[in-house]
>>> print(open('entry.cif').read())   # mmCIF, C-alpha atoms and all ligand atoms
data_target
#
loop_
_atom_site.label_atom_id
_atom_site.label_comp_id
_atom_site.auth_asym_id
_atom_site.auth_seq_id
_atom_site.Cartn_x
_atom_site.Cartn_y
_atom_site.Cartn_z
CA MET A 1 0.00 0.00 0.00
CA PRO A 2 2.70 2.62 0.80
CA GLY A 3 4.19 1.83 -2.60
CA LYS A 4 0.88 2.32 -4.38
CA VAL A 5 0.41 5.71 -2.68
CA LEU A 6 3.98 6.69 -3.52
CA LEU A 7 3.53 5.76 -7.19
CA ARG A 8 0.32 7.80 -7.34
CA LEU A 9 1.88 10.86 -5.70
CA ASP A 10 5.18 10.81 -7.56
CA PRO A 11 5.76 8.33 -10.40
CA GLY A 12 9.47 9.27 -10.45
CA ALA A 13 9.98 8.55 -6.76
CA VAL A 14 11.00 4.92 -7.29
CA ARG A 15 13.89 5.86 -9.54
CA SER A 16 14.89 8.70 -7.24
CA LEU A 17 14.93 6.48 -4.12
CA ALA A 18 16.71 3.64 -5.93
CA SER A 19 19.37 6.06 -7.18
CA HIS A 20 20.37 6.70 -3.54
CA LEU A 21 21.31 3.04 -3.05
CA GLY A 22 25.07 3.43 -3.30
CA GLY A 23 25.60 -0.33 -3.17
CA GLY A 24 23.63 -0.75 -6.38
CA THR A 25 20.29 -2.34 -7.15
CA ILE A 26 19.78 -5.85 -8.48
CA LEU A 27 16.50 -7.31 -9.73
CA VAL A 28 16.01 -11.08 -9.44
CA SER A 29 13.52 -12.69 -11.81
CA ALA A 30 12.50 -16.24 -12.70
CA THR A 31 9.44 -18.43 -12.93
CA ASN A 32 10.70 -20.65 -10.11
CA GLY A 33 12.99 -19.83 -7.19
CA LYS A 34 13.00 -16.02 -7.12
CA THR A 35 11.94 -15.80 -3.47
CA THR A 36 14.60 -18.25 -2.32
CA THR A 37 17.30 -16.72 -4.50
CA THR A 38 16.51 -13.19 -3.31
CA ARG A 39 16.82 -14.37 0.30
CA LEU A 40 20.14 -16.11 -0.40
CA LEU A 41 21.58 -13.11 -2.23
CA SER A 42 20.43 -10.71 0.49
CA GLY A 43 22.10 -13.01 3.03
CA ALA A 44 25.34 -13.01 1.04
CA LEU A 45 25.45 -9.21 0.93
CA ARG A 46 24.61 -8.88 4.63
CA GLY A 47 27.34 -11.42 5.36
CA ALA A 48 29.75 -8.99 3.73
CA GLY A 49 28.57 -6.26 6.10
CA ARG A 50 26.28 -4.45 3.67
CA ASP A 51 22.86 -3.02 4.41
CA VAL A 52 20.19 -4.51 2.17
CA VAL A 53 16.82 -3.11 1.10
CA THR A 54 14.57 -5.93 -0.12
CA ASN A 55 10.89 -6.62 -0.80
CA ALA A 56 8.68 -9.12 1.01
CA ALA A 57 8.04 -12.44 -0.72
CA GLY A 58 5.11 -12.19 -3.07
CA ALA A 59 5.15 -8.37 -3.17
CA ASN A 60 7.07 -8.63 -6.41
CA LEU A 61 5.29 -6.13 -8.66
CA LEU A 62 6.32 -2.47 -8.98
CA SER A 63 4.13 -1.53 -6.00
CA GLY A 64 6.00 -4.04 -3.79
CA VAL A 65 9.39 -2.66 -4.82
CA ALA A 66 8.09 0.89 -4.26
CA THR A 67 6.84 -0.09 -0.79
CA ALA A 68 10.24 -1.51 0.18
CA LEU A 69 11.98 1.64 -1.06
CA ALA A 70 9.49 3.96 0.66
CA GLU A 71 9.90 2.13 3.97
CA ALA A 72 13.71 2.13 3.78
CA ALA A 73 13.75 5.75 2.52
CA PRO A 74 17.43 5.77 1.49
CA THR A 75 19.01 9.21 1.29
CA ALA A 76 21.98 10.51 -0.68
CA GLY A 77 25.18 8.88 0.56
CA SER A 78 23.51 5.57 1.52
CA GLN A 79 25.75 2.57 0.92
CA ALA A 80 22.87 0.08 1.04
CA SER A 81 22.18 -2.36 -1.80
CA GLY A 82 18.71 -3.04 -3.22
CA VAL A 83 17.85 -6.72 -3.87
CA PHE A 84 14.35 -7.09 -5.27
CA GLU A 85 12.46 -10.18 -6.39
CA VAL A 86 10.39 -9.27 -9.46
CA ASP A 87 7.54 -11.13 -11.18
CA GLU A 88 8.67 -12.18 -14.65
CA ALA A 89 5.83 -10.38 -16.44
CA ALA A 90 6.43 -7.21 -14.39
CA LEU A 91 10.20 -7.18 -14.89
CA PRO A 92 10.40 -4.82 -17.92
CA GLY A 93 8.25 -2.19 -16.17
CA VAL A 94 10.14 -2.48 -12.88
CA ALA A 95 13.49 -2.26 -14.68
CA GLU A 96 12.31 0.87 -16.49
CA ALA A 97 11.29 2.46 -13.18
CA VAL A 98 14.26 1.37 -11.06
CA ARG A 99 17.16 1.41 -13.57
CA PRO A 100 18.99 -1.48 -11.84
CA THR A 101 22.76 -1.82 -11.85
CA ALA A 102 22.40 -5.60 -12.30
CA LEU A 103 19.84 -8.22 -13.32
CA LEU A 104 19.85 -11.83 -12.12
CA LEU A 105 17.87 -13.93 -14.62
CA MET A 106 17.28 -17.48 -13.37
CA ASN A 107 14.81 -19.43 -15.56
CA LEU A 108 11.59 -19.27 -17.56
CA PHE A 109 9.16 -22.17 -17.20
CA ARG A 110 5.60 -22.52 -18.32
CA ASP A 111 3.42 -21.11 -15.53
CA GLN A 112 0.05 -19.39 -15.52
CA LEU A 113 -0.31 -19.22 -19.28
CA ASP A 114 -3.61 -17.44 -18.86
CA ARG A 115 -1.83 -14.51 -17.23
CA HIS A 116 1.66 -14.47 -18.69
CA GLY A 117 1.23 -15.76 -22.22
CA GLU A 118 3.65 -18.13 -23.85
CA LEU A 119 7.30 -18.28 -22.80
CA GLU A 120 8.42 -16.83 -26.10
CA ALA A 121 6.36 -13.70 -25.48
CA ILE A 122 8.01 -13.14 -22.09
CA ALA A 123 11.46 -13.79 -23.56
CA ALA A 124 10.79 -11.23 -26.30
CA ARG A 125 9.74 -8.63 -23.71
CA TRP A 126 12.85 -9.37 -21.63
CA SER A 127 15.01 -9.00 -24.74
CA GLY A 128 13.46 -5.60 -25.48
CA MET A 129 14.05 -4.58 -21.87
CA LEU A 130 17.75 -5.49 -22.02
CA HIS A 131 18.31 -3.42 -25.10
CA ALA A 132 16.40 -0.42 -23.70
CA GLN A 133 18.51 -0.06 -20.55
CA GLN A 134 21.12 2.71 -20.62
CA PRO A 135 23.62 2.39 -19.08
CA ALA A 136 23.41 -1.36 -19.59
CA PRO A 137 23.04 -3.30 -16.33
CA ARG A 138 25.42 -6.07 -15.42
CA LEU A 139 23.80 -9.41 -16.31
CA ILE A 140 24.00 -12.62 -14.27
CA VAL A 141 22.23 -15.26 -16.35
CA CYS A 142 21.62 -19.01 -16.19
CA GLY A 143 22.96 -19.95 -19.63
CA ASP A 144 21.75 -23.53 -19.14
CA ASP A 145 18.28 -22.15 -19.93
CA PRO A 146 18.43 -21.78 -23.75
CA LEU A 147 15.69 -19.18 -23.72
CA LEU A 148 17.75 -16.92 -21.43
CA ALA A 149 21.08 -17.64 -23.12
CA SER A 150 19.78 -16.06 -26.31
CA LEU A 151 18.81 -12.76 -24.67
CA PRO A 152 22.07 -10.83 -24.13
CA ALA A 153 23.63 -9.16 -27.12
CA ALA A 154 27.26 -9.62 -28.15
CA GLY A 155 29.37 -7.29 -26.04
CA ASP A 156 26.98 -7.28 -23.05
CA ASP A 157 28.62 -7.71 -19.66
CA VAL A 158 27.37 -11.19 -18.72
CA ILE A 159 28.32 -13.61 -15.98
CA TRP A 160 26.96 -17.04 -16.92
CA PHE A 161 26.13 -19.62 -14.29
CA GLY A 162 25.00 -23.22 -14.57
CA ILE A 163 25.68 -26.85 -13.75
CA ASP A 164 28.71 -28.93 -14.76
CA ASP A 165 27.93 -32.15 -12.87
CA PRO A 166 26.90 -34.93 -15.29
CA SER A 167 25.95 -37.19 -12.35
CA VAL A 168 22.73 -35.18 -11.84
CA GLY A 169 21.83 -34.98 -15.52
CA SER A 170 19.67 -37.15 -17.68
CA ALA A 171 20.05 -37.81 -21.38
CA ALA A 172 16.37 -37.34 -22.11
CA LEU A 173 14.20 -34.30 -21.51
CA SER A 174 11.18 -34.85 -19.27
CA HIS A 175 7.96 -34.49 -21.23
CA ALA A 176 7.04 -31.45 -19.14
CA SER A 177 9.95 -29.57 -20.67
CA ASP A 178 9.35 -26.21 -22.30
CA SER A 179 11.49 -24.36 -24.79
CA THR A 180 13.24 -27.13 -26.67
CA SER A 181 13.71 -25.36 -29.98
CA CYS A 182 16.53 -23.02 -30.98
CA ARG A 183 15.60 -19.33 -30.69
CA ALA A 184 17.93 -18.49 -33.56
CA CYS A 185 16.87 -21.03 -36.19
CA GLY A 186 13.93 -23.02 -34.78
CA SER A 187 15.60 -26.45 -34.91
CA ALA A 188 15.10 -28.92 -32.07
CA LEU A 189 17.86 -28.54 -29.49
CA GLU A 190 20.06 -31.49 -28.50
CA TYR A 191 20.96 -32.14 -24.87
CA ARG A 192 24.14 -33.78 -23.62
CA ASN A 193 22.55 -33.49 -20.19
CA ALA A 194 19.20 -32.16 -19.00
CA TRP A 195 19.23 -30.95 -15.38
CA ILE A 196 15.77 -29.52 -14.65
CA GLY A 197 13.12 -29.46 -17.38
CA HIS A 198 14.68 -27.73 -20.41
CA ILE A 199 17.62 -26.41 -18.33
CA GLY A 200 20.73 -28.34 -19.29
CA ASP A 201 23.85 -28.62 -21.40
CA TRP A 202 22.26 -27.90 -24.78
CA ARG A 203 23.30 -27.19 -28.33
CA CYS A 204 21.62 -26.58 -31.67
CA PRO A 205 22.68 -29.20 -34.25
CA ASP A 206 21.90 -26.86 -37.17
CA CYS A 207 23.22 -23.37 -36.42
CA GLY A 208 25.81 -24.32 -33.78
CA LEU A 209 24.35 -22.12 -31.05
CA ALA A 210 25.26 -23.77 -27.76
CA ARG A 211 25.18 -23.31 -24.03
CA PRO A 212 27.72 -20.68 -22.96
CA ARG A 213 30.42 -22.12 -20.72
CA PRO A 214 29.40 -21.16 -17.17
CA ASP A 215 31.73 -18.75 -15.34
CA VAL A 216 30.20 -19.96 -12.06
CA ALA A 217 29.36 -23.67 -12.16
CA VAL A 218 28.18 -26.46 -9.90
CA VAL A 219 30.89 -29.12 -10.29
CA ASP A 220 29.44 -31.45 -7.60
CA ALA A 221 25.78 -31.00 -6.64
CA GLY A 222 26.29 -32.79 -3.30
CA LEU A 223 22.58 -33.62 -2.87
CA ASP A 224 21.81 -34.97 0.59
CA GLY A 225 18.22 -36.20 0.59
CA GLY A 226 15.47 -34.00 1.97
CA ARG A 227 17.82 -32.41 4.48
CA GLY A 228 19.87 -30.17 2.27
CA SER A 229 22.86 -30.23 -0.03
CA ARG A 230 26.59 -29.50 -0.07
CA PRO A 231 27.37 -28.30 -3.59
CA LEU A 232 30.92 -27.57 -4.71
CA ILE A 233 30.95 -24.52 -6.96
CA ARG A 234 33.66 -23.30 -9.31
CA THR A 235 34.00 -19.51 -9.44
CA PRO A 236 36.57 -17.30 -11.17
CA GLY A 237 38.15 -16.83 -7.72
CA GLY A 238 38.41 -20.57 -6.93
CA GLU A 239 36.14 -23.35 -5.69
CA VAL A 240 33.82 -22.93 -2.70
CA ARG A 241 31.61 -25.44 -0.88
CA LEU A 242 28.10 -24.46 0.24
CA HIS A 243 26.20 -26.18 3.07
CA LEU A 244 22.60 -25.47 2.12
CA ARG A 245 19.65 -26.12 4.40
CA LEU A 246 17.55 -26.41 1.24
CA PRO A 247 17.11 -29.76 -0.53
CA GLY A 248 17.09 -30.50 -4.24
CA LEU A 249 18.94 -29.59 -7.40
CA HIS A 250 16.70 -26.58 -8.08
CA ASN A 251 17.89 -25.03 -4.81
CA VAL A 252 21.51 -25.78 -5.70
CA LEU A 253 20.95 -23.79 -8.88
CA ASN A 254 19.20 -20.99 -6.95
CA ALA A 255 22.17 -20.77 -4.59
CA THR A 256 24.60 -20.77 -7.51
CA GLY A 257 22.78 -17.81 -9.05
CA ALA A 258 22.91 -15.98 -5.71
CA LEU A 259 26.64 -16.74 -5.38
CA ALA A 260 27.34 -15.56 -8.93
CA ALA A 261 25.42 -12.33 -8.32
CA ALA A 262 27.10 -11.69 -4.96
CA THR A 263 30.57 -12.07 -6.45
CA ALA A 264 29.53 -9.84 -9.37
CA LEU A 265 28.62 -7.21 -6.75
CA GLY A 266 32.08 -7.48 -5.22
CA VAL A 267 31.58 -9.95 -2.36
CA PRO A 268 34.45 -12.48 -2.07
CA ALA A 269 33.24 -15.98 -2.99
CA ASP A 270 34.20 -17.52 0.38
CA VAL A 271 32.37 -14.78 2.31
CA ALA A 272 29.28 -15.21 0.12
CA ALA A 273 29.43 -19.02 0.50
CA THR A 274 29.50 -18.84 4.31
CA ALA A 275 26.63 -16.36 4.41
CA ILE A 276 24.47 -18.25 1.89
CA SER A 277 24.95 -21.46 3.90
CA ALA A 278 23.49 -19.74 6.98
CA VAL A 279 20.19 -18.70 5.34
CA PRO A 280 17.15 -20.74 6.45
CA ALA A 281 14.34 -21.71 4.07
CA ALA A 282 11.40 -19.41 3.45
CA PHE A 283 7.89 -20.59 4.26
CA GLY A 284 6.68 -22.94 1.56
CA ARG A 285 10.20 -23.44 0.24
CA ALA A 286 11.16 -26.65 1.99
CA GLU A 287 11.31 -25.55 5.58
CA ALA A 288 10.27 -28.07 8.22
CA VAL A 289 7.52 -27.18 10.70
CA SER A 290 6.60 -29.00 13.89
CA VAL A 291 2.91 -29.29 14.77
CA GLY A 292 2.71 -30.83 18.21
CA ASP A 293 4.65 -34.09 17.92
CA ARG A 294 4.30 -34.24 14.11
CA ASP A 295 6.53 -32.71 11.46
CA LEU A 296 5.59 -31.39 8.08
CA MET A 297 7.49 -29.88 5.18
CA VAL A 298 5.88 -27.44 2.75
CA LEU A 299 7.04 -27.45 -0.88
CA LEU A 300 5.32 -24.90 -3.11
CA ALA A 301 4.17 -26.67 -6.30
CA LYS A 302 2.58 -24.31 -8.81
CA ASN A 303 3.79 -25.49 -12.21
CA PRO A 304 5.13 -28.69 -13.82
CA ALA A 305 8.83 -27.83 -13.52
CA GLY A 306 8.58 -26.89 -9.85
CA ALA A 307 6.40 -29.89 -8.99
CA ASN A 308 8.76 -32.25 -10.84
CA GLU A 309 11.70 -30.94 -8.80
CA ASN A 310 9.71 -31.50 -5.61
CA VAL A 311 8.98 -35.09 -6.70
CA ARG A 312 12.64 -35.65 -7.51
CA THR A 313 13.70 -34.18 -4.15
CA MET A 314 11.27 -36.44 -2.26
CA MET A 315 12.61 -39.46 -4.17
CA LEU A 316 16.07 -38.76 -2.68
CA ASP A 317 14.80 -40.18 0.63
CA ASP A 318 14.05 -43.90 0.91
CA GLY A 319 10.90 -45.21 2.46
CA GLU A 320 7.21 -44.45 2.24
CA HIS A 321 5.68 -41.01 1.88
CA ASP A 322 2.64 -39.30 3.33
CA LEU A 323 1.55 -36.46 1.06
CA LEU A 324 -0.96 -33.64 1.20
CA VAL A 325 -1.42 -32.06 -2.23
CA ALA A 326 -3.50 -28.87 -2.43
CA LEU A 327 -4.82 -27.43 -5.69
CA ASN A 328 -6.62 -24.09 -5.98
CA ASP A 329 -7.41 -22.31 -9.25
CA ARG A 330 -7.60 -18.64 -8.29
CA ILE A 331 -5.92 -15.85 -10.27
CA ALA A 332 -2.65 -16.15 -8.30
CA ASP A 333 -2.56 -19.91 -8.89
CA GLY A 334 -3.52 -19.77 -12.57
CA ARG A 335 -7.13 -20.61 -13.53
CA ASP A 336 -6.02 -23.38 -15.87
CA ILE A 337 -5.16 -26.54 -13.90
CA SER A 338 -4.30 -28.76 -16.86
CA TRP A 339 -0.64 -28.54 -15.79
CA ILE A 340 -1.23 -31.23 -13.14
CA TRP A 341 -1.31 -33.78 -16.00
CA ASP A 342 2.22 -32.69 -17.06
CA VAL A 343 3.80 -33.42 -13.68
CA ASP A 344 5.69 -36.72 -13.52
CA TRP A 345 4.08 -38.01 -10.34
CA GLU A 346 4.30 -41.65 -11.44
CA PRO A 347 7.77 -42.58 -10.05
CA LEU A 348 6.71 -41.42 -6.58
CA LEU A 349 3.24 -42.98 -6.41
CA PRO A 350 4.34 -46.60 -5.65
CA ARG A 351 6.08 -45.20 -2.56
CA VAL A 352 3.05 -43.26 -1.32
CA ARG A 353 1.56 -44.67 1.88
CA ARG A 354 -1.23 -42.11 2.09
CA LEU A 355 -2.10 -39.16 -0.15
CA THR A 356 -4.68 -36.51 0.67
CA ALA A 357 -5.97 -34.36 -2.19
CA THR A 358 -7.36 -31.02 -1.05
CA GLY A 359 -8.23 -27.53 -2.26
CA GLU A 360 -10.93 -26.18 -4.55
CA ARG A 361 -9.99 -28.64 -7.30
CA ALA A 362 -9.33 -31.62 -5.03
CA HIS A 363 -11.43 -33.96 -7.14
CA GLU A 364 -9.53 -33.26 -10.40
CA LEU A 365 -6.32 -33.80 -8.46
CA ALA A 366 -7.62 -37.13 -7.14
CA LEU A 367 -8.50 -38.16 -10.70
CA ARG A 368 -4.94 -37.35 -11.76
CA PHE A 369 -3.51 -39.63 -9.07
CA ARG A 370 -5.94 -42.45 -9.88
CA TYR A 371 -4.84 -42.26 -13.54
CA GLY A 372 -1.26 -42.38 -12.27
CA GLY A 373 -1.99 -45.73 -10.65
CA LEU A 374 -2.43 -44.77 -7.00
CA PRO A 375 -4.74 -47.34 -5.37
CA ALA A 376 -8.04 -45.93 -4.11
CA ASP A 377 -7.37 -47.11 -0.55
CA ARG A 378 -4.30 -44.86 -0.31
CA LEU A 379 -6.10 -41.80 -1.70
CA HIS A 380 -8.20 -39.47 0.46
CA VAL A 381 -10.17 -36.49 -0.87
CA GLU A 382 -11.06 -33.59 1.42
CA PRO A 383 -11.61 -30.23 -0.29
CA ASP A 384 -11.34 -28.22 2.94
CA PRO A 385 -7.60 -27.68 3.54
CA ALA A 386 -7.83 -27.28 7.34
CA THR A 387 -9.80 -30.53 7.74
CA ALA A 388 -7.48 -32.28 5.26
CA LEU A 389 -4.36 -31.12 7.09
CA ASP A 390 -5.65 -32.27 10.48
CA ALA A 391 -6.64 -35.67 9.09
CA ALA A 392 -3.33 -36.15 7.28
CA LEU A 393 -1.34 -35.20 10.38
CA SER A 394 -3.31 -37.52 12.67
CA ALA A 395 -2.81 -40.42 10.23
CA LEU A 396 0.95 -39.82 10.07
CA PRO A 397 3.06 -42.61 11.57
CA ALA A 398 5.29 -41.74 14.52
CA GLY A 399 8.52 -40.14 13.31
CA GLY A 400 7.09 -39.48 9.86
CA VAL A 401 7.10 -36.19 7.98
CA LEU A 402 4.02 -35.01 6.11
CA GLU A 403 5.08 -33.57 2.76
CA VAL A 404 2.69 -30.76 1.75
CA LEU A 405 2.60 -29.58 -1.88
CA PRO A 406 0.27 -26.60 -2.29
CA THR A 407 -0.36 -24.08 -5.04
CA TYR A 408 0.21 -20.43 -4.14
CA THR A 409 -3.11 -19.50 -2.52
CA ALA A 410 -3.44 -22.96 -0.96
CA MET A 411 -0.03 -22.44 0.65
CA HIS A 412 -1.30 -19.26 2.31
CA GLU A 413 -4.46 -21.03 3.54
CA ILE A 414 -2.37 -23.80 5.06
CA ARG A 415 -0.04 -21.28 6.66
CA ALA A 416 -3.03 -19.46 8.19
CA HIS A 417 -4.32 -22.74 9.57
CA LEU A 418 -0.93 -23.60 11.05
CA VAL A 419 -0.68 -20.14 12.62
CA ALA A 420 -4.16 -20.62 14.13
CA ARG A 421 -2.96 -23.91 15.60
CA GLY A 422 -0.04 -22.10 17.22
CA ALA A 423 2.59 -23.73 15.05
CA ALA A 424 3.91 -20.49 13.60
CA GLY A 425 7.55 -19.52 13.76
CA GLU A 426 7.95 -15.75 13.66
CA PHE A 427 10.48 -16.09 10.83
CA TRP A 428 7.61 -16.92 8.50
CA ASP A 429 6.75 -13.24 8.38
CA ALA A 430 10.20 -12.52 7.00
CA ALA A 431 9.64 -14.94 4.12
ZN ZN A 501 19.85 -23.09 -34.15
#
>>> encode(input="entry.cif", output="structure tokens", more="lines below")
Ligand SMILES: [Zn+2]
Amino acid sequence: MPGKVLLRLDPGAVRSLASHLGGGTILVSATNGKTTTTRLLSGALRGAGRDVVTNAAGANLLSGVATALAEAAPTAGSQASGVFEVDEAALPGVAEAVRPTALLLMNLFRDQLDRHGELEAIAARWSGMLHAQQPAPRLIVCGDDPLLASLPAAGDDVIWFGIDDPSVGSAALSHASDSTSCRACGSALEYRNAWIGHIGDWRCPDCGLARPRPDVAVVDAGLDGGRGSRPLIRTPGGEVRLHLRLPGLHNVLNATGALAAATALGVPADVAATAISAVPAAFGRAEAVSVGDRDLMVLLAKNPAGANENVRTMMLDDGEHDLLVALNDRIADGRDISWIWDVDWEPLLPRVRRLTATGERAHELALRFRYGGLPADRLHVEPDPATALDAALSALPAGGVLEVLPTYTAMHEIRAHLVARGAAGEFWDAA
């Protein structure tokens, strides 16, 4: 709200306030992982003794950035840095208003087609944005995403980051993959290794366009089940080891982007690595919560690529799984729920002990799991999320962890219910 008032009173105020941030301003955008990456990058800068102005998770439109700036009210001579998570569709407008010194571009996956349009349309708008910025911002880009690799122009100041660990790759793309054709010539891309969806070590067999060699690269992903990971990362200043409290390869890549951006902003790699390792998970991004004597872990699942990574992360742990999957179809979730059919649930389903489908579209979700082969006696349908959560928790075996996969608005409903039950940690507000 303060940001909306500020924008109404003085449309130039955002640029004016941002220009006082002597430590520079970086915008972080992606379909998946922008909240986590923004937290990790903010932690890296704070670890180097810098003041950071940042926006709250979810407040990632221009009004949210304006609110953060209005509340911090930097004045001339401030040495603070601005680190703002920005919605991918809003990024060109926010960049025009803020004039960032750097952009961290993480990934583009299919998500909320009814709101954002096709990936190509977003990529074209991002490309126009890059060429409109004067002076040109420093770019930190995941070149393993072919859509992003094609955006910078020759001569742009780019730091590429990505993965160079074949042990976590697969030779075939998952069928949920987006963006598998060359942006230059339209041919089908070839993959030596696919890491996450269409993100991988790619090349075009016809025009020779290929993944740029990453300047900052994961050389050993160091995945350690649902607990976290210990990736080894090559940087221009030497190798550093992270000790992340976040599980899964997607979070390794998020942390690598944060590390690349922090070093681009002048933080020594070892200082950034220590600080990033100390950052806890945000609500809904794999943090564990205790409810009485039961534990649950919330993994936001709002599109095929994100849900597939959650499935893959859960598969890292042996044994049976208790799941609560929550599907809403409001504007913030995307009205079109057909994406649930593109998620590769099948490898996980034989290891599911009990699955509860909940949310406004619980019945479509249940149908999806029945088609995936989940026996009816392991499937429970309860559209009310509070009732579903209580039932799933009370059915959980001793020592088990309930894995909760909600869409965006369902995540907030579940959080509200947990807060009402007194299970809230105050750090959730800082998510
Ligand atoms: Zn090509």
>>> closest_atom_pairs(input="entry.cif", of="chain A", to="ligand ZN 501 (chain A)", cutoff="6 Å", atoms="all atoms listed in the file", output="Markdown table")
| residue | atom | partner | partner_atom | distance |
| --- | --- | --- | --- | --- |
| A:Cys182 | CA | A:ZN501 | ZN | 4.6 |
| A:Ala184 | CA | A:ZN501 | ZN | 5.0 |
| A:Cys185 | CA | A:ZN501 | ZN | 4.2 |
| A:Gly186 | CA | A:ZN501 | ZN | 6.0 |
| A:Ser187 | CA | A:ZN501 | ZN | 5.5 |
| A:Cys204 | CA | A:ZN501 | ZN | 4.6 |
| A:Asp206 | CA | A:ZN501 | ZN | 5.2 |
| A:Cys207 | CA | A:ZN501 | ZN | 4.1 |
| A:Leu209 | CA | A:ZN501 | ZN | 5.5 |
>>> closest_residue(input="entry.cif", among="A:Leu147, A:Leu232, A:Ala90, A:Val291", to="Val401 in chain A", atoms="only C-alpha atoms")
A:Val291
>>> atom_distance(input="entry.cif", atom1="CA of Val267 in chain A", atom2="CA of Asp157 in chain A")
17.7 Å
>>> atom_distance(input="entry.cif", atom1="CA of Arg351 in chain A", atom2="CA of Asp224 in chain A")
19.0 Å
>>> atom_distance(input="entry.cif", atom1="CA of Leu91 in chain A", atom2="CA of Pro280 in chain A")
26.2 Å
>>> residues_near_point(input="entry.cif", point="(-4.2, -30.0, 10.8)", cutoff="9 Å", atoms="all atoms listed in the file", output="PDB file with C-alpha atoms, keeping the file's coordinate frame")
ATOM      1  CA  VAL A 291       2.910 -29.290  14.770  1.00  0.00           C
ATOM      2  CA  PRO A 385      -7.600 -27.680   3.540  1.00  0.00           C
ATOM      3  CA  ALA A 386      -7.830 -27.280   7.340  1.00  0.00           C
ATOM      4  CA  THR A 387      -9.800 -30.530   7.740  1.00  0.00           C
ATOM      5  CA  ALA A 388      -7.480 -32.280   5.260  1.00  0.00           C
ATOM      6  CA  LEU A 389      -4.360 -31.120   7.090  1.00  0.00           C
ATOM      7  CA  ASP A 390      -5.650 -32.270  10.480  1.00  0.00           C
ATOM      8  CA  ALA A 391      -6.640 -35.670   9.090  1.00  0.00           C
ATOM      9  CA  ALA A 392      -3.330 -36.150   7.280  1.00  0.00           C
ATOM     10  CA  LEU A 393      -1.340 -35.200  10.380  1.00  0.00           C
ATOM     11  CA  SER A 394      -3.310 -37.520  12.670  1.00  0.00           C
ATOM     12  CA  ILE A 414      -2.370 -23.800   5.060  1.00  0.00           C
ATOM     13  CA  HIS A 417      -4.320 -22.740   9.570  1.00  0.00           C
ATOM     14  CA  LEU A 418      -0.930 -23.600  11.050  1.00  0.00           C
ATOM     15  CA  ARG A 421      -2.960 -23.910  15.600  1.00  0.00           C
TER      16      ARG A 421
END
>>> residues_around(input="entry.cif", residues="Arg15 in chain A", least_positions_apart="5", cutoff="8 Å", atoms="only C-alpha atoms", output="count of residues only")
3
>>> residues_around(input="entry.cif", residues="Pro231 in chain A", least_positions_apart="6", cutoff="6 Å", atoms="all atoms listed in the file", output="PyMOL selection string")
chain A and resi 220-222+241-242
>>> write_last_selection(input="entry.cif", atoms="C-alpha atoms", output="short mmCIF file (atom, residue, chain, number, x, y, z; two decimals), in the coordinates of the input")
data_model
loop_
_atom_site.label_atom_id
_atom_site.label_comp_id
_atom_site.auth_asym_id
_atom_site.auth_seq_id
_atom_site.Cartn_x
_atom_site.Cartn_y
_atom_site.Cartn_z
CA ASP A 220 29.44 -31.45 -7.60
CA ALA A 221 25.78 -31.00 -6.64
CA GLY A 222 26.29 -32.79 -3.30
CA ARG A 241 31.61 -25.44 -0.88
CA LEU A 242 28.10 -24.46 0.24
#
>>> residues_near_point(input="entry.cif", point="(22.7, -31.0, -11.1)", cutoff="7 Å", atoms="only C-alpha atoms", output="ChimeraX atom specification")
/A:163,165,168-169,195,221,249
>>> write_last_selection(input="entry.cif", atoms="C-alpha atoms", output="CSV table (one decimal), keeping the file's coordinate frame")
chain,number,residue,atom,x,y,z
A,163,ILE,CA,25.7,-26.8,-13.8
A,165,ASP,CA,27.9,-32.2,-12.9
A,168,VAL,CA,22.7,-35.2,-11.8
A,169,GLY,CA,21.8,-35.0,-15.5
A,195,TRP,CA,19.2,-31.0,-15.4
A,221,ALA,CA,25.8,-31.0,-6.6
A,249,LEU,CA,18.9,-29.6,-7.4
>>> closest_residue(input="entry.cif", among="A:Gly162, A:Glu382, A:Val53, A:Leu300", to="Arg415 in chain A", atoms="all atoms listed in the file")
A:Leu300
>>> residues_around(input="entry.cif", residues="range 4-9 of chain A", least_positions_apart="4", cutoff="10 Å", atoms="all atoms listed in the file", output="MDAnalysis selection string")
chainID A and resid 13:14 62:67 69:70
>>> build_atoms(input="entry.cif", residues="range 238-243 of chain A", atoms="N, CA and C atoms", output="PDB file, in the frame of the given file")
ATOM      1  N   GLY A 238      38.117 -19.284  -7.554  1.00  0.00           N
ATOM      2  CA  GLY A 238      38.410 -20.570  -6.930  1.00  0.00           C
ATOM      3  C   GLY A 238      37.141 -21.309  -6.559  1.00  0.00           C
ATOM      4  N   GLU A 239      37.304 -22.532  -6.035  1.00  0.00           N
ATOM      5  CA  GLU A 239      36.140 -23.350  -5.690  1.00  0.00           C
ATOM      6  C   GLU A 239      35.688 -23.070  -4.261  1.00  0.00           C
ATOM      7  N   VAL A 240      34.374 -23.074  -4.052  1.00  0.00           N
ATOM      8  CA  VAL A 240      33.820 -22.930  -2.700  1.00  0.00           C
ATOM      9  C   VAL A 240      32.772 -24.022  -2.488  1.00  0.00           C
ATOM     10  N   ARG A 241      32.608 -24.426  -1.240  1.00  0.00           N
ATOM     11  CA  ARG A 241      31.610 -25.440  -0.880  1.00  0.00           C
ATOM     12  C   ARG A 241      30.490 -24.755  -0.101  1.00  0.00           C
ATOM     13  N   LEU A 242      29.242 -24.960  -0.514  1.00  0.00           N
ATOM     14  CA  LEU A 242      28.100 -24.460   0.240  1.00  0.00           C
ATOM     15  C   LEU A 242      27.543 -25.575   1.114  1.00  0.00           C
ATOM     16  N   HIS A 243      26.914 -25.219   2.217  1.00  0.00           N
ATOM     17  CA  HIS A 243      26.200 -26.180   3.070  1.00  0.00           C
ATOM     18  C   HIS A 243      24.770 -25.674   3.180  1.00  0.00           C
TER      19      HIS A 243
END
